[in-house]
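For reference, my_file-v6.cif (mmCIF, C-alpha atoms):
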```cif
data_upload
loop_
_atom_site.label_atom_id
_atom_site.label_comp_id
_atom_site.auth_asym_id
_atom_site.auth_seq_id
_atom_site.Cartn_x
_atom_site.Cartn_y
_atom_site.Cartn_z
CA MET E 1 16.69 45.15 -54.40
CA ASP E 2 16.88 48.89 -55.14
CA ALA E 3 17.26 48.15 -58.85
CA LEU E 4 14.12 46.01 -58.69
CA LEU E 5 12.20 48.75 -56.86
CA GLY E 6 13.28 51.19 -59.57
CA THR E 7 11.48 49.12 -62.18
CA LEU E 8 8.13 49.16 -60.36
CA ALA E 9 5.29 51.46 -61.33
CA GLU E 10 3.86 53.95 -58.85
CA ASN E 11 0.87 51.82 -57.82
CA GLU E 12 3.21 48.86 -57.25
CA LEU E 13 5.57 51.03 -55.20
CA ALA E 14 2.62 52.18 -53.09
CA VAL E 15 2.02 48.59 -52.02
CA VAL E 16 5.70 48.19 -51.14
CA ARG E 17 5.74 51.46 -49.15
CA GLU E 18 2.80 50.35 -47.03
CA LEU E 19 4.86 47.47 -45.70
CA ARG E 20 6.79 49.61 -43.25
CA PRO E 21 6.40 47.96 -39.83
CA ASP E 22 4.98 51.07 -38.15
CA ARG E 23 2.44 51.52 -40.96
CA LEU E 24 1.50 47.85 -41.07
CA THR E 25 0.87 47.52 -37.33
CA SER E 26 -1.24 50.68 -37.22
CA MET E 27 -3.67 49.37 -39.85
CA ASP E 28 -7.03 48.01 -38.84
CA GLU E 29 -8.50 44.82 -40.24
CA ASP E 30 -10.36 46.46 -43.13
CA GLU E 31 -7.27 48.34 -44.31
CA LEU E 32 -5.26 45.12 -44.14
CA ILE E 33 -7.89 43.32 -46.22
CA ASP E 34 -7.65 46.08 -48.83
CA LEU E 35 -3.85 45.90 -48.85
CA HIS E 36 -4.02 42.10 -49.05
CA ALA E 37 -6.26 42.30 -52.11
CA ARG E 38 -3.95 44.79 -53.82
CA ALA E 39 -0.87 42.71 -53.04
CA ARG E 40 -2.60 39.57 -54.33
CA ARG E 41 -3.54 41.32 -57.58
CA GLN E 42 0.06 42.48 -58.10
CA ARG E 43 1.44 39.04 -57.27
CA ASP E 44 -0.98 37.35 -59.66
CA LYS E 45 -0.10 39.85 -62.38
CA PHE E 46 3.65 39.26 -62.09
CA VAL E 47 3.36 35.48 -61.76
CA LYS E 48 1.17 35.36 -64.86
CA GLN E 49 3.55 37.66 -66.72
CA TYR E 50 6.56 35.56 -65.67
CA ARG E 51 4.94 32.30 -66.79
CA ARG E 52 3.87 33.70 -70.15
CA GLN E 53 7.28 35.18 -70.88
CA ALA E 54 9.01 31.99 -69.78
CA ALA E 55 6.80 29.85 -71.99
CA ALA E 56 7.32 32.14 -74.96
CA SER E 57 11.10 32.30 -74.60
CA ILE E 58 11.71 28.55 -74.32
CA GLU E 59 11.46 27.91 -78.05
CA GLY E 60 13.70 30.83 -78.98
CA ALA E 61 16.33 30.02 -76.36
CA GLY E 62 16.41 26.34 -77.12
CA GLY E 63 15.30 25.01 -73.74
CA ARG E 64 13.97 25.88 -70.33
CA GLY E 65 17.39 26.12 -68.73
CA LYS E 66 18.64 28.68 -71.23
CA ALA E 67 15.42 30.69 -71.07
CA HIS E 68 15.55 30.81 -67.25
CA ALA E 69 18.16 33.58 -67.08
CA ARG E 70 16.36 35.80 -69.59
CA ASN E 71 13.32 36.12 -67.38
CA ALA E 72 15.07 37.08 -64.12
CA ARG E 73 13.42 40.48 -63.57
CA ALA E 74 9.87 39.16 -63.98
CA ARG E 75 10.72 36.26 -61.65
CA ALA E 76 12.18 38.68 -59.07
CA LYS E 77 9.05 40.86 -59.18
CA ALA E 78 6.83 37.82 -58.72
CA GLU E 79 8.94 36.70 -55.75
CA LEU E 80 8.91 40.20 -54.23
CA PHE E 81 5.12 40.38 -54.30
CA GLU E 82 4.84 36.79 -53.05
CA ASN E 83 6.86 37.83 -49.98
CA ILE E 84 4.79 40.98 -49.59
CA LEU E 85 1.59 38.96 -49.74
CA ALA E 86 2.91 36.53 -47.12
CA GLY E 87 3.74 39.38 -44.74
CA VAL E 88 0.38 41.05 -45.19
CA SER E 89 -1.36 37.70 -44.71
CA ARG E 90 0.44 37.15 -41.41
CA GLN E 91 -0.47 40.61 -40.17
CA LEU E 92 -4.07 40.13 -41.32
CA ALA E 93 -4.25 36.86 -39.40
CA VAL E 94 -3.02 38.61 -36.26
CA ALA E 95 -5.59 41.39 -36.69
CA ALA E 96 -8.41 38.92 -37.38
CA GLN E 97 -7.54 36.90 -34.27
CA ALA E 98 -7.45 40.07 -32.16
CA SER E 99 -10.84 41.08 -33.54
CA ALA E 100 -12.29 37.63 -32.84
CA ASP E 101 -10.91 37.70 -29.28
CA ALA E 102 -12.41 41.14 -28.69
CA LEU E 103 -15.83 40.02 -29.96
CA HIS E 104 -15.66 36.90 -27.80
CA ALA E 105 -14.75 38.93 -24.71
CA GLU E 106 -17.58 41.36 -25.44
CA ARG E 107 -20.09 38.53 -25.81
CA VAL E 108 -18.95 36.89 -22.58
CA ALA E 109 -19.15 40.22 -20.74
CA GLU E 110 -22.72 40.72 -21.97
CA GLU E 111 -23.70 37.25 -20.83
CA LEU E 112 -22.24 37.83 -17.38
CA ALA E 113 -23.80 41.29 -17.01
CA VAL E 114 -27.37 40.24 -17.70
CA PRO E 115 -28.43 37.04 -15.94
CA ALA E 116 -30.44 34.73 -18.08
CA PRO E 117 -34.13 34.78 -17.18
CA LEU E 118 -35.50 31.62 -15.67
CA PRO E 119 -37.58 29.58 -18.04
CA PRO E 120 -41.31 29.59 -17.35
CA PRO E 121 -42.51 26.60 -15.37
CA ALA E 122 -43.58 23.68 -17.46
CA PRO E 123 -47.34 23.29 -17.71
CA ARG E 124 -48.78 20.40 -15.74
CA LEU E 125 -49.89 17.71 -18.09
CA ALA E 126 -52.92 15.57 -17.43
CA PRO E 127 -52.05 11.93 -16.78
CA GLN E 128 -52.47 9.68 -19.77
CA ARG E 129 -54.30 7.10 -17.67
CA SER E 130 -56.95 7.98 -15.21
CA THR E 131 -56.39 6.75 -11.67
CA SER E 132 -59.99 5.79 -11.11
CA ARG E 133 -61.52 2.89 -12.93
CA PRO E 134 -64.76 3.30 -14.80
CA LYS E 135 -67.75 1.96 -12.91
CA SER E 136 -69.82 0.54 -15.75
CA PRO E 137 -71.52 -2.79 -14.96
CA ASP E 138 -69.92 -4.48 -17.95
CA LEU E 139 -66.38 -3.61 -16.79
CA GLN E 140 -67.18 -4.64 -13.20
CA LYS E 141 -68.38 -8.04 -14.43
CA ARG E 142 -65.27 -8.50 -16.62
CA ARG E 143 -62.96 -7.64 -13.70
CA ALA E 144 -64.77 -10.02 -11.41
CA SER E 145 -64.57 -12.78 -14.01
CA THR E 146 -60.84 -12.21 -14.53
CA ARG E 147 -60.23 -12.23 -10.77
CA ALA E 148 -62.18 -15.48 -10.39
CA THR E 149 -60.32 -17.12 -13.29
CA ASN E 150 -56.97 -16.12 -11.81
CA ALA E 151 -58.03 -17.38 -8.38
CA ARG E 152 -59.03 -20.77 -9.85
CA ARG E 153 -55.71 -21.02 -11.71
CA GLN E 154 -53.76 -20.20 -8.57
CA ALA E 155 -55.81 -22.76 -6.56
CA ARG E 156 -54.95 -25.47 -9.10
CA ARG E 157 -51.23 -24.64 -8.82
CA ASP E 158 -51.38 -24.62 -5.04
CA SER E 159 -53.10 -28.05 -4.89
CA ALA E 160 -50.71 -29.65 -7.31
#
```
Show this structure as structure tokens.
Amino acid sequence: MDALLGTLAENELAVVRELRPDRLTSMDEDELIDLHARARRQRDKFVKQYRRQAAASIEGAGGRGKAHARNARARAKAELFENILAGVSRQLAVAAQASADALHAERVAEELAVPAPLPPPAPRLAPQRSTSRPKSPDLQKRRASTRATNARRQARRDSA
């Protein structure tokens, strides 16, 4: 591991140094997001480098199995930054959940502190039908005719 760390550049070592447990737990969510982005960039760089070198060395070595051993350092760097990224992702998830819980608790506290105002009373709507019948002579005649027709019909049923 120390030999691998000796091959890293200064900016890559800075990412590794920030993984100390005391440093990682003291970071806030924004710092963790920044560290996550840097670790992802380094991981992507080394994975891409490993794949390109592996693809280029297959033909010269005579097969993938023989070329596998020649690319060990690039593979180790890619694995190192993959593990770093996983650790930072876990810590970022913990920080994000803590932040979400704090926001939720704050919102609930605000809702409990200020009672919701009562909604204004609903306006009284006018009935769709009027309760009084119109008094026009035509309607009175039609009602009387309908009543008489119904009475005749009922009388026929009663007599039968």
key: Nearest to Pro21 of chain E by atom-to-atom distance, counting only C-alpha atoms, from E:Val88, E:Ser145, E:Ile33, E:Ala69   =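 Using only C-alpha atoms, the shortest distance to Pro21 of chain E belongs to E:Val88.
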Need the shell around Ser89 of chain E: protein/DNA/RNA residues with any atom at most 12 Å away, counting only C-alpha atoms. Skip same-chain ones fewer than 2 positions apart. Format as a CSV table (one decimal) with C-alpha atoms, keeping the file's coordinate frame?
```
chain,number,residue,atom,x,y,z
E,19,LEU,CA,4.9,47.5,-45.7
E,24,LEU,CA,1.5,47.8,-41.1
E,29,GLU,CA,-8.5,44.8,-40.2
E,32,LEU,CA,-5.3,45.1,-44.1
E,33,ILE,CA,-7.9,43.3,-46.2
E,34,ASP,CA,-7.6,46.1,-48.8
E,35,LEU,CA,-3.8,45.9,-48.8
E,36,HIS,CA,-4.0,42.1,-49.0
E,37,ALA,CA,-6.3,42.3,-52.1
E,38,ARG,CA,-4.0,44.8,-53.8
E,39,ALA,CA,-0.9,42.7,-53.0
E,40,ARG,CA,-2.6,39.6,-54.3
E,81,PHE,CA,5.1,40.4,-54.3
E,82,GLU,CA,4.8,36.8,-53.0
E,83,ASN,CA,6.9,37.8,-50.0
E,84,ILE,CA,4.8,41.0,-49.6
E,85,LEU,CA,1.6,39.0,-49.7
E,86,ALA,CA,2.9,36.5,-47.1
E,87,GLY,CA,3.7,39.4,-44.7
E,91,GLN,CA,-0.5,40.6,-40.2
E,92,LEU,CA,-4.1,40.1,-41.3
E,93,ALA,CA,-4.2,36.9,-39.4
E,94,VAL,CA,-3.0,38.6,-36.3
E,95,ALA,CA,-5.6,41.4,-36.7
E,96,ALA,CA,-8.4,38.9,-37.4
```
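Residues with any atom within 10 Å of Glu12 of chain E, counting all atoms listed in the file and excluding same-chain neighbours fewer than 3 positions away, are E:Leu5, E:Thr7, E:Leu8, E:Ala9, E:Val15, E:Val16, E:Arg17, E:Arg38, E:Ala39, E:Gln42, E:Arg43, E:Phe81.
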query = Which distance in Å separates atom CA of Leu103 of chain E and atom CA of Arg23 of chain E, to one decimal?
reply =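 About the pair atom CA of Leu103 of chain E and atom CA of Arg23 of chain E: they are 24.2 Å apart.
Atom CA of Leu80 of chain E sits 11.4 Å away from atom CA of Leu13 of chain E.
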query = Do you have the atom CA of Lys135 of chain E-atom CA of Thr149 of chain E distance handy?
reply =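 Answer for the atom CA of Lys135 of chain E to atom CA of Thr149 of chain E separation: 20.5 Å.
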inquiry  = Restricting the calculation to only C-alpha atoms: of E:Val114, E:Arg107, E:Val47, E:Arg41, which residue gets closest to Asn11 of chain E?
reply    =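 Answer, going by the shortest atom-to-atom distance: E:Arg41.
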